[in-house]
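S.K.: Dropping in input_13.csv, with CSV, C-alpha atoms.
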chain,number,residue,atom,x,y,z
A,23,MET,CA,0.0,0.0,0.0
A,24,THR,CA,1.4,3.4,-0.9
A,25,ARG,CA,1.6,6.4,1.4
A,26,ASP,CA,-1.1,8.1,-0.5
A,27,GLU,CA,-3.5,5.2,-0.1
A,28,ILE,CA,-2.7,5.0,3.6
A,29,ALA,CA,-3.4,8.8,3.9
A,30,ALA,CA,-6.7,8.4,2.0
A,31,LEU,CA,-7.8,5.6,4.3
A,32,ALA,CA,-6.8,7.6,7.4
A,33,TRP,CA,-9.0,10.5,6.2
A,34,VAL,CA,-11.9,8.1,5.4
A,35,ALA,CA,-11.6,6.9,9.0
A,36,CYS,CA,-11.5,10.4,10.5
A,37,GLY,CA,-14.5,11.5,8.4
A,38,GLY,CA,-16.3,8.2,9.3
A,39,ALA,CA,-15.8,8.8,13.0
A,40,LEU,CA,-17.3,12.3,12.7
A,41,GLY,CA,-20.2,11.1,10.7
A,42,ALA,CA,-20.9,8.2,13.1
A,43,LEU,CA,-20.8,10.6,16.1
A,44,ALA,CA,-23.2,13.0,14.4
A,45,ARG,CA,-25.6,10.1,13.7
A,46,ALA,CA,-25.3,8.7,17.2
A,47,TYR,CA,-25.9,12.0,19.0
A,48,GLY,CA,-28.1,13.8,16.5
A,49,PRO,CA,-31.8,14.3,17.0
A,50,PHE,CA,-32.9,12.8,13.6
A,51,SER,CA,-34.5,9.5,12.7
A,52,THR,CA,-32.8,7.1,10.3
A,53,PHE,CA,-35.1,8.3,7.5
A,54,TRP,CA,-33.9,11.9,7.9
A,55,ILE,CA,-30.3,11.0,8.5
A,56,ASN,CA,-30.2,9.4,5.1
A,57,VAL,CA,-31.9,12.3,3.4
A,58,ILE,CA,-29.5,14.8,5.1
A,59,GLY,CA,-26.5,12.7,4.1
A,60,CYS,CA,-27.7,12.5,0.5
A,61,ALA,CA,-28.2,16.3,0.4
A,62,VAL,CA,-24.7,16.7,1.7
A,63,ILE,CA,-23.3,14.4,-0.9
A,64,GLY,CA,-25.2,16.2,-3.6
A,65,LEU,CA,-23.9,19.5,-2.4
A,66,ALA,CA,-20.3,18.3,-2.0
A,67,MET,CA,-19.6,16.5,-5.2
A,68,PRO,CA,-19.8,19.4,-7.6
A,69,LEU,CA,-17.6,21.5,-5.1
A,70,ILE,CA,-14.9,18.9,-4.8
A,71,GLY,CA,-12.1,19.8,-7.2
A,72,THR,CA,-13.5,23.3,-7.9
A,73,LEU,CA,-13.9,25.2,-4.7
A,74,TRP,CA,-12.6,22.4,-2.4
A,75,THR,CA,-9.2,21.5,-3.8
A,76,TRP,CA,-7.7,19.7,-0.8
A,77,ARG,CA,-6.4,16.3,-2.0
A,78,TYR,CA,-8.5,14.1,0.3
A,79,THR,CA,-11.8,16.0,0.3
A,80,ARG,CA,-13.7,13.4,-1.5
A,81,GLU,CA,-12.5,10.6,0.8
A,82,PHE,CA,-13.1,12.7,3.9
A,83,VAL,CA,-16.5,14.1,3.1
A,84,THR,CA,-18.3,11.6,0.9
A,85,VAL,CA,-16.9,8.2,1.8
A,86,GLY,CA,-16.0,9.1,5.4
A,87,MET,CA,-18.4,11.6,6.9
A,88,CYS,CA,-21.5,10.8,4.8
A,89,GLY,CA,-20.7,7.1,4.9
A,90,GLY,CA,-20.4,7.2,8.7
A,91,PHE,CA,-23.5,9.4,9.0
A,92,THR,CA,-26.0,7.6,6.8
A,93,THR,CA,-27.1,4.1,7.5
A,94,PHE,CA,-28.4,1.8,4.7
A,95,SER,CA,-28.7,-1.1,7.1
A,96,GLY,CA,-30.6,1.1,9.6
A,97,TYR,CA,-32.9,2.2,6.8
A,98,PHE,CA,-33.9,-1.4,6.2
A,99,LEU,CA,-34.1,-2.2,9.9
A,100,ALA,CA,-36.6,0.6,10.3
A,101,ALA,CA,-38.4,-0.7,7.2
A,102,ASP,CA,-38.6,-4.1,8.8
A,103,HIS,CA,-40.4,-2.6,11.8
A,104,ALA,CA,-42.7,-0.5,9.6
A,105,GLY,CA,-45.7,-2.7,10.2
A,106,ASP,CA,-47.9,-4.0,7.5
A,107,THR,CA,-46.9,-4.3,3.8
A,108,THR,CA,-48.4,-1.0,2.8
A,109,ASP,CA,-46.4,0.9,5.4
A,110,LEU,CA,-43.3,-1.0,4.4
A,111,VAL,CA,-43.7,-0.1,0.7
A,112,VAL,CA,-44.5,3.5,1.4
A,113,TYR,CA,-41.4,3.8,3.7
A,114,LEU,CA,-39.1,2.2,1.2
A,115,ILE,CA,-40.4,4.3,-1.8
A,116,ALA,CA,-40.6,7.5,0.2
A,117,GLY,CA,-37.0,7.0,1.6
A,118,ALA,CA,-35.5,6.4,-1.8
A,119,ALA,CA,-37.5,9.2,-3.4
A,120,ALA,CA,-36.5,11.7,-0.6
A,121,CYS,CA,-32.9,10.7,-0.9
A,122,LEU,CA,-32.8,11.1,-4.7
A,123,VAL,CA,-34.5,14.5,-4.4
A,124,ALA,CA,-32.0,15.6,-1.7
A,125,VAL,CA,-29.1,14.7,-3.9
A,126,ALA,CA,-30.6,16.6,-6.8
A,127,ILE,CA,-31.3,19.7,-4.7
A,128,GLY,CA,-27.9,19.6,-3.1
A,129,SER,CA,-26.2,19.2,-6.4
A,130,LEU,CA,-28.3,22.0,-8.0
A,131,LEU,CA,-27.4,24.4,-5.1
A,132,SER,CA,-23.7,23.7,-5.2
A,133,ARG,CA,-23.6,24.1,-9.0
A,134,ARG,CA,-25.1,27.5,-8.6
A,135,LEU,CA,-22.4,28.3,-6.0
A,136,VAL,CA,-19.7,27.3,-8.4
A,137,ARG,CA,-20.9,29.5,-11.2
Can you turn what I pasted into structure tokens?
M.R.:
Amino acid sequence: MTRDEIAALAWVACGGALGALARAYGPFSTFWINVIGCAVIGLAMPLIGTLWTWRYTREFVTVGMCGGFTTFSGYFLAADHAGDTTDLVVYLIAGAAACLVAVAIGSLLSRRLVR
């Protein structure tokens, strides 16, 4: 493993720790954690390399912080406890739709910032 790869992994770990702490001590449900994380990724990706030029920004923010903050397994655990089949389907579709919209809005906002 190269020094650069080790440094990237270290920044992923640091970002992941911050994201996990924010999830553990934040006031939001799993549903909203995932939506917020998607908005942050949507906002961050167009800025990385343009306004944010630090070498490990992508690893730290997207893989680390957002990866540690959002919780795909928690999303499905909450879905498992949703109740009847209708509640389950609504929860899964609403979650996916809300996350896609959050990424799109975050991306749109950051692209306007870059212009």
S.K.: Could you give me, as a list in words, the residues within 9 Å of Ala39 in chain A, counting all atoms listed in the file and dropping anything in the same chain fewer than 3 positions from it?
M.R.: Val34, Ala35, Cys36, Ala42, Leu43, Ala44, Gly86, Met87, Gly90 and Phe91 of chain A
S.K.: Given the choices A:Gly41, A:Gly48, A:Gly59, A:Gly89, which gets closest to Ala120 in chain A if the distance is worked out from only C-alpha atoms?
M.R.: A:Gly59
S.K.: As an exercise, work out the distance from CA of Thr84 in chain A to CA of Ile127 in chain A in Å and give it to one decimal place.
M.R.: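 CA of Ile127 in chain A lies at a distance of 16.3 Å from CA of Thr84 in chain A.
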S.K.: As an exercise, work out the distance from CA of Gly64 in chain A to CA of Tyr47 in chain A in Å and give it to one decimal place.
M.R.: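 That distance, rounded to one decimal, is 23.0 Å.
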S.K.: Excluding Leu110 in chain A and its own-chain neighbours fewer than 4 positions away, which residues fall within 12 Å of it when counting only C-alpha atoms? Please give them as a VMD selection string.
M.R.: chain A and resid 97 to 106 114 to 117
S.K.: For a test of reading the model, state the distance in Å between CA of Cys88 in chain A and CA of Asn56 in chain A, rounded to one decimal.
M.R.: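 Pair CA of Cys88 in chain A / CA of Asn56 in chain A returns 8.8 Å.
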S.K.: Find, counting all atoms listed in the file, the residue in A:Leu40, A:Cys60, A:Ile28, A:Ala46 that gets nearest to Cys121 in chain A.
M.R.: A:Cys60
